[in-house]
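Here's the structure we're looking at; comments come further down.
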Amino acid sequence: MSAEQVGIDLRLLGPVRAWRDGTELVLGSARRTAVLCVLALHTGQRVSRDQLVSAVWGEDAPPSATGNIYTYVSTLRQMLEPARSRWTAGRLFSSGGGTYQLHLPPDSVDVLRFESLRETARCHRVAGHVDAELATVAAALRLWDGEALAGVPGPFAEGQRLRLAELRLATAERYAELLTGTGRHEEAVQLLRELTADRPHREGPAVPPEVGRPASPSLVTGGGTRPGSTPSEPAGGSATTTGGVPTAGSGFRTRTGVAPLLGRDAVLHRLRRAVTGVAAGRGGSILLEGPAGIGKTALLTAVLRTAPDGCRIGWAVGDEVARDVPLGTLRDCLESALAGPDHPTVEALVAASAAPDRPDVHLADRDGTDRTDVDAAEQAVELVRRAAAEGPLVLVVDDLHWADPTTLRVWATLGGQAGELPLLLVAAVRSGSGPVAGRSAAEIVTLGPLDADSAGAVVRAVAPQPPEPRELARILDDADGHPEYLRQLALTAGDPFPAAGLVAAVGAHLAPYPEDTRQVLRAVAFLSAYEVRAPGTQPAGCTMAEVAAATDHHLDDLARMLAPVRAAGILAPGERLRFRHRVVVRTLCGSTPAALRVALCRRYAERLAAAGTAPERVVALTLAGEVPVDDCLGGWLAEHVDRVAEAAPQIAVAALAHAHAQHALDPARRLTLTAWLARLLLGADRNAAAEAGWVAARTADPELAGEMRWIAAHSHERRGDFETAAEIAHTALRERRIGPQWIDRLRALLGRIRPSLPGNPTQPHLSRSGLVGEVRPDLP
């Protein structure tokens, strides 16, 4: 009976569930379920026991793992084919040669259906069939029921969760684009806001902080603040407000209370002076710019909480999802300033943003400008001017670069008129976001990194315990004055793994960029990681050519993808690609599931080697990814070890030590690489006795055995352990398994250390024939 006839249905896009002929199966233990997931996602392919062990347990597999795999497979086979006799061949399951294979049609596994629907949607997109693509993408999203492979353990499941989550988000973003293109703006906004709530570590599309209103619980992150909120807002966001701004404290929250903003006194003074001025009737426009996480929102919140009585304050956040809604950002801002959507000014603004019902609605000026947008913007400018005439008005837009075009037009016009009114316009934009409306009329305030003293004060204020000097220095070096990274590192000082808050912060800062750009940035991180782990072992960062080889992108495409990232300050200036903040490298590498990290680094290394990249760069990448040294990689390393040792001896030692620890490596290859390790350790004035002794005990080559015995003895001699050095030399000379040149060198060593040995002196005067002839009791 075939799989189609049986009717198997596996659902992995959520909690893993399985049905046979309409009856749900009890899958049992988590690891048995993990085995089923591996086989299901490799349906039609042979999977070995070793691959299953690695997929389910990773590098920490217990001795019983292989036996457990046999048990799990037997149980799954009986579950899926209960009528099969023990001695008959299975139709769903087959095995042989230590491998297992699951035979299912693609429609039996929802992940494969999802991927097939994505491909079908892509074909519709190429053909220009919008309605068909929209229906197909919607069908793909309906297959999801939560986090993929929820609760399934093992590195394979971790890697699949990451991959599928990115595919789901990309599919949802495409669905939102299609909805927007067909005029269904509100559905698009709601869809992506719900998805952002499910994945709060992604910054874009941003959700307005709804200042002055309680936060939705679904938007609260695990770190106690919600995306887009100010760092000082408590979880839940139910602070009381003054003029639309939360009043609960200032600065940023720590585990021991609320600490003030540090290192920003000059900026705070400039902003407070502007707010005080509008209360006295002097308006203006301020543009606050800086990289993501530098503290723009926190500064604005701290300033506006202390605004004089009588100032009406409106706050909105530019939203890249809702930017197609005309005047949407300005409307949000005025609603919070004028006490809600029922205010006459807000109602008039809504009316102005609605397209008039007349035949010439889409008529454009000669320069291509939409006349309707121009009219709406002119009406909005007049409405804001009237509102400001009624009393001091402060309008704040965070992430102005994501506001809708009509709001931007209004903002630019008002920026030139604000000085005539009690109207203060304050906008925050991200570095590298391109031309900003009203820049020419605004006072520009640029936020850079904190200086060392202020950064240290932030760490000491936030850390649960005062950090040790070395730990403090590492935090300051990794964060490079970035306030958000300083806070996150201080809260988790001493933790070897990136904490959730740090992963969320880095993810949010990279989220606005397309998926292919983020993948390139991950490759840059992997190519930079070993230097971050061991500074000075190689140049910081990597070259465009290396990234092009690793990612298989053309140089021109790379330059285009990375231009916005450079402009935003995520990458440091210079010819080499280097993250401005080392913590980003550590986080991107450390938060990547081990199995995925190994696979990516191995693939990148193979491409770099094929492109003729310097061997030490290839080796450093394998070390950064902790790629196991198998026979293929071991053979390549043996072939290039001399070049690596000459160019980067520290990297060579680390790679050879890693290879020596690989018990599955071919014994002869492992012996050769360990011998090289002993030589390099000795050359670096490090103890090579253990490695040299290991090789000497296993080699049948007299020359290699002699060299290793001499290295072991010389290592002990250097450290003043003369008795052990003499013992190794005596043993080697008596065994007569070493080459002549090493006999001479060991005799010389004995002569050097003779005065330092206890008891009777040795007899270095004996001839070589006496040493290699019949062993006598008096032979040294």
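Identifiers for the structure tokens are assigned positionally: chains receive A, B, ... in sequence, residues are indexed from 1 per chain, and ligands are indexed from 1 in the order shown.
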Show me a table, sorted first by chain and then by increasing residue number, of the residues of region 596-687 of chain A having an atom at most 12 Å from region 692-697 of chain A, each with its shortest atom pair and the distance in Å to one decimal, counting only C-alpha atoms and written as a Markdown table.
```
| residue | atom | partner | partner_atom | distance |
| --- | --- | --- | --- | --- |
| A:His660 | CA | A:Trp694 | CA | 10.2 |
| A:Pro667 | CA | A:Val695 | CA | 10.6 |
| A:Ala668 | CA | A:Val695 | CA | 10.3 |
| A:Arg669 | CA | A:Val695 | CA | 11.4 |
| A:Arg670 | CA | A:Val695 | CA | 9.3 |
| A:Leu671 | CA | A:Val695 | CA | 6.0 |
| A:Thr672 | CA | A:Val695 | CA | 8.3 |
| A:Leu673 | CA | A:Val695 | CA | 9.6 |
| A:Thr674 | CA | A:Val695 | CA | 6.8 |
| A:Ala675 | CA | A:Val695 | CA | 6.3 |
| A:Trp676 | CA | A:Ala692 | CA | 9.3 |
| A:Leu677 | CA | A:Ala692 | CA | 8.4 |
| A:Ala678 | CA | A:Ala692 | CA | 5.4 |
| A:Arg679 | CA | A:Ala692 | CA | 8.2 |
| A:Leu680 | CA | A:Ala692 | CA | 10.8 |
| A:Leu681 | CA | A:Ala692 | CA | 9.7 |
| A:Leu682 | CA | A:Ala692 | CA | 9.6 |
| A:Asn687 | CA | A:Ala692 | CA | 9.6 |
```
Keeping only C-alpha atoms, write the selected residues as an mmCIF file, in the first residue's frame.
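Listing of out_14.cif after writing:
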```
data_model
loop_
_atom_site.group_PDB
_atom_site.id
_atom_site.type_symbol
_atom_site.label_atom_id
_atom_site.label_comp_id
_atom_site.auth_asym_id
_atom_site.auth_seq_id
_atom_site.Cartn_x
_atom_site.Cartn_y
_atom_site.Cartn_z
ATOM 1 C CA HIS A 660 43.834 16.548 17.226
ATOM 2 C CA PRO A 667 44.434 8.010 12.194
ATOM 3 C CA ALA A 668 47.259 8.704 9.751
ATOM 4 C CA ARG A 669 45.908 12.195 9.036
ATOM 5 C CA ARG A 670 45.441 12.884 12.730
ATOM 6 C CA LEU A 671 49.034 11.763 13.395
ATOM 7 C CA THR A 672 50.433 14.117 10.745
ATOM 8 C CA LEU A 673 48.457 17.104 11.987
ATOM 9 C CA THR A 674 49.335 16.459 15.635
ATOM 10 C CA ALA A 675 53.039 16.313 14.719
ATOM 11 C CA TRP A 676 52.678 19.736 13.150
ATOM 12 C CA LEU A 677 50.947 20.910 16.303
ATOM 13 C CA ALA A 678 53.864 19.761 18.444
ATOM 14 C CA ARG A 679 56.356 21.602 16.215
ATOM 15 C CA LEU A 680 54.388 24.848 16.308
ATOM 16 C CA LEU A 681 53.861 24.691 20.062
ATOM 17 C CA LEU A 682 57.579 24.276 20.586
ATOM 18 C CA ASN A 687 54.656 23.005 26.228
#
```
Residues within 10 Å of Gly416 (chain A), only C-alpha atoms, excluding chain neighbours under 3 positions, as a VMD selection string: chain A and resid 284 to 285 411 to 413 419 to 420 438 to 442
Interatomic distance, CA of Phe93 (chain A) to CA of Leu41 (chain A) (Å, one decimal):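 Distance between the two atoms: 13.9 Å.
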Selected residue of minimal separation from Leu349 (chain A) among A:Arg168, A:Arg386, A:Arg32, A:Arg125, counting only C-alpha atoms: A:Arg386
Atom pair CA of Pro593 (chain A) / CA of Ser54 (chain A): separation (Å):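 One can read the CA of Pro593 (chain A) to CA of Ser54 (chain A) distance as 13.1 Å.
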Residue nearest Ser433 (chain A) - candidates A:Asp324, A:Glu289, A:Asp744, A:Asp631, atoms counted: only C-alpha atoms: A:Glu289
Spatial neighbours of Asp9 (chain A), 8 Å, only C-alpha atoms, chain gap at least 4 places, as a list of chain:residue names: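 What passes the distance filter is A:Ala18, A:Trp19, A:Arg20, A:Ser108, A:Val109, A:Asp110.
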Since we have the selection now, will you write its residues out, keeping all heavy atoms, as an mmCIF file, in the first residue's frame?
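Wrote out_28.cif, looks like this:
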```cif
data_model
loop_
_atom_site.group_PDB
_atom_site.id
_atom_site.type_symbol
_atom_site.label_atom_id
_atom_site.label_comp_id
_atom_site.auth_asym_id
_atom_site.auth_seq_id
_atom_site.Cartn_x
_atom_site.Cartn_y
_atom_site.Cartn_z
ATOM 1 N N ALA A 18 0.564 14.219 13.591
ATOM 2 C CA ALA A 18 0.533 13.287 12.463
ATOM 3 C C ALA A 18 -0.797 12.542 12.459
ATOM 4 O O ALA A 18 -1.345 12.200 13.504
ATOM 5 C CB ALA A 18 1.698 12.310 12.556
ATOM 6 N N TRP A 19 -1.297 12.284 11.252
ATOM 7 C CA TRP A 19 -2.528 11.519 11.070
ATOM 8 C C TRP A 19 -2.276 10.382 10.093
ATOM 9 O O TRP A 19 -1.502 10.519 9.133
ATOM 10 C CB TRP A 19 -3.645 12.402 10.511
ATOM 11 C CG TRP A 19 -4.264 13.329 11.498
ATOM 12 C CD1 TRP A 19 -5.415 13.139 12.216
ATOM 13 C CD2 TRP A 19 -3.778 14.615 11.889
ATOM 14 N NE1 TRP A 19 -5.676 14.206 13.026
ATOM 15 C CE2 TRP A 19 -4.686 15.144 12.850
ATOM 16 C CE3 TRP A 19 -2.662 15.373 11.532
ATOM 17 C CZ2 TRP A 19 -4.515 16.383 13.434
ATOM 18 C CZ3 TRP A 19 -2.471 16.600 12.116
ATOM 19 C CH2 TRP A 19 -3.394 17.103 13.059
ATOM 20 N N ARG A 20 -2.943 9.266 10.345
ATOM 21 C CA ARG A 20 -2.933 8.131 9.420
ATOM 22 C C ARG A 20 -4.380 7.749 9.134
ATOM 23 O O ARG A 20 -5.128 7.375 10.039
ATOM 24 C CB ARG A 20 -2.182 6.939 10.015
ATOM 25 C CG ARG A 20 -2.120 5.733 9.081
ATOM 26 C CD ARG A 20 -1.455 4.552 9.764
ATOM 27 N NE ARG A 20 -1.342 3.430 8.855
ATOM 28 C CZ ARG A 20 -2.334 2.558 8.601
ATOM 29 N NH1 ARG A 20 -3.500 2.701 9.212
ATOM 30 N NH2 ARG A 20 -2.163 1.584 7.742
ATOM 31 N N SER A 108 2.059 15.218 1.654
ATOM 32 C CA SER A 108 1.826 14.647 2.984
ATOM 33 C C SER A 108 2.471 15.461 4.090
ATOM 34 O O SER A 108 2.175 15.239 5.262
ATOM 35 C CB SER A 108 2.356 13.205 3.032
ATOM 36 O OG SER A 108 1.645 12.379 2.145
ATOM 37 N N VAL A 109 3.368 16.382 3.750
ATOM 38 C CA VAL A 109 4.110 17.159 4.745
ATOM 39 C C VAL A 109 3.817 18.639 4.516
ATOM 40 O O VAL A 109 4.075 19.162 3.434
ATOM 41 C CB VAL A 109 5.627 16.893 4.655
ATOM 42 C CG1 VAL A 109 6.370 17.620 5.763
ATOM 43 C CG2 VAL A 109 5.912 15.398 4.698
ATOM 44 N N ASP A 110 3.293 19.321 5.537
ATOM 45 C CA ASP A 110 2.869 20.705 5.331
ATOM 46 C C ASP A 110 4.032 21.629 4.997
ATOM 47 O O ASP A 110 3.855 22.619 4.280
ATOM 48 C CB ASP A 110 2.082 21.219 6.542
ATOM 49 C CG ASP A 110 2.876 21.202 7.818
ATOM 50 O OD1 ASP A 110 4.030 20.697 7.827
ATOM 51 O OD2 ASP A 110 2.352 21.678 8.841
#
```
Shell around Arg586 (chain A) at 10 Å using only C-alpha atoms, local window under 3 positions removed, as a PyMOL selection string: chain A and resi 478+496-498+503+525-526+528-530+532-533+581-583+589-591
Mind writing the picked residues with N, CA and C atoms as a CSV table (one decimal), in the first residue's frame?
```
chain,number,residue,atom,x,y,z
A,478,ASP,N,33.4,46.0,23.2
A,478,ASP,CA,32.4,45.4,22.4
A,478,ASP,C,31.3,46.4,22.0
A,496,PRO,N,28.4,33.6,28.8
A,496,PRO,CA,29.2,33.3,27.6
A,496,PRO,C,28.3,33.3,26.4
A,497,PHE,N,26.9,33.2,26.6
A,497,PHE,CA,26.0,33.1,25.4
A,497,PHE,C,25.2,34.4,25.3
A,498,PRO,N,24.9,34.9,24.1
A,498,PRO,CA,24.1,36.1,24.0
A,498,PRO,C,22.7,36.0,24.6
A,503,VAL,N,20.1,39.6,21.8
A,503,VAL,CA,19.8,39.1,20.5
A,503,VAL,C,18.6,39.9,19.9
A,525,ALA,N,29.9,38.6,9.6
A,525,ALA,CA,30.1,38.3,11.0
A,525,ALA,C,30.9,37.0,11.2
A,526,PHE,N,30.6,36.0,10.4
A,526,PHE,CA,31.3,34.7,10.5
A,526,PHE,C,32.8,34.9,10.0
A,528,SER,N,34.5,37.6,10.3
A,528,SER,CA,35.2,38.4,11.2
A,528,SER,C,35.3,37.8,12.6
A,529,ALA,N,34.6,36.7,12.9
A,529,ALA,CA,34.4,36.2,14.2
A,529,ALA,C,35.7,35.8,14.9
A,530,TYR,N,36.6,35.2,14.2
A,530,TYR,CA,37.8,34.7,14.9
A,530,TYR,C,38.7,35.8,15.4
A,532,VAL,N,37.6,38.6,16.4
A,532,VAL,CA,36.9,39.2,17.5
A,532,VAL,C,37.2,38.3,18.7
A,533,ARG,N,37.2,37.0,18.5
A,533,ARG,CA,37.5,36.0,19.6
A,533,ARG,C,39.0,36.1,20.0
A,581,HIS,N,30.3,47.7,15.9
A,581,HIS,CA,30.3,47.2,17.3
A,581,HIS,C,30.6,45.7,17.3
A,582,ARG,N,31.6,45.4,18.0
A,582,ARG,CA,32.0,44.0,18.0
A,582,ARG,C,30.9,43.1,18.6
A,583,VAL,N,30.1,43.6,19.4
A,583,VAL,CA,29.0,42.8,20.0
A,583,VAL,C,28.1,42.2,19.0
A,589,CYS,N,26.9,35.4,15.6
A,589,CYS,CA,27.5,34.1,15.6
A,589,CYS,C,26.9,33.2,16.8
A,590,GLY,N,26.9,33.8,18.0
A,590,GLY,CA,26.5,33.0,19.1
A,590,GLY,C,25.0,32.6,19.1
A,591,SER,N,24.2,33.4,18.5
A,591,SER,CA,22.7,33.1,18.4
A,591,SER,C,22.3,32.2,17.3
```
Backbone-only DSSP, alpha helix (DSSP H) members of region 461-703 of chain A, as a ChimeraX atom specification: /A:461-462,469-479,483-491,500-510,515-533,544-551,555-567,582-590,594-610,615-624,631-647,649-660,667-683,689-696,702-703
Write out, as JSON lines, each residue of region 358-469 of chain A that has an atom at most 12 Å from region 504-523 of chain A, together with the closest pair of atoms and their distance in Å to one decimal, counting only C-alpha atoms, rows going by chain and rising number.
```
{"residue": "A:Asp399", "atom": "CA", "partner": "A:Pro512", "partner_atom": "CA", "distance": 11.8}
{"residue": "A:His401", "atom": "CA", "partner": "A:Pro512", "partner_atom": "CA", "distance": 12.0}
{"residue": "A:Trp402", "atom": "CA", "partner": "A:Pro512", "partner_atom": "CA", "distance": 10.7}
{"residue": "A:Arg430", "atom": "CA", "partner": "A:His509", "partner_atom": "CA", "distance": 10.3}
{"residue": "A:Ser431", "atom": "CA", "partner": "A:His509", "partner_atom": "CA", "distance": 11.7}
{"residue": "A:Ser433", "atom": "CA", "partner": "A:Pro512", "partner_atom": "CA", "distance": 10.7}
```
Atom-to-atom span, CA of Val267 (chain A) and CA of Ala493 (chain A), Å: 29.0 Å
7 Å contact set for Ala689 (chain A), only C-alpha atoms, chain neighbours under 6 positions out, as a ChimeraX atom specification: /A:711-712,715
Only C-alpha atoms, please: the residues just picked out, written as a PDB file, in the first residue's frame.
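out_35.pdb was written with the following content:
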```
ATOM      1  CA  ILE A 711      60.467  17.873  21.174  1.00  0.00           C
ATOM      2  CA  ALA A 712      58.960  16.271  24.275  1.00  0.00           C
ATOM      3  CA  SER A 715      59.785  21.035  26.217  1.00  0.00           C
TER       4      SER A 715
END
```
All residues 9 Å or closer to Ala138 (chain A), only C-alpha atoms, same chain fewer than 5 positions away omitted, as a PyMOL selection string: chain A and resi 133+171-172+175
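Minimum atom-to-atom distance to Arg745 (chain A), evaluated using only C-alpha atoms, belongs to A:Ala713 out of A:Met544, A:Ala377, A:Ala713, A:Leu757.
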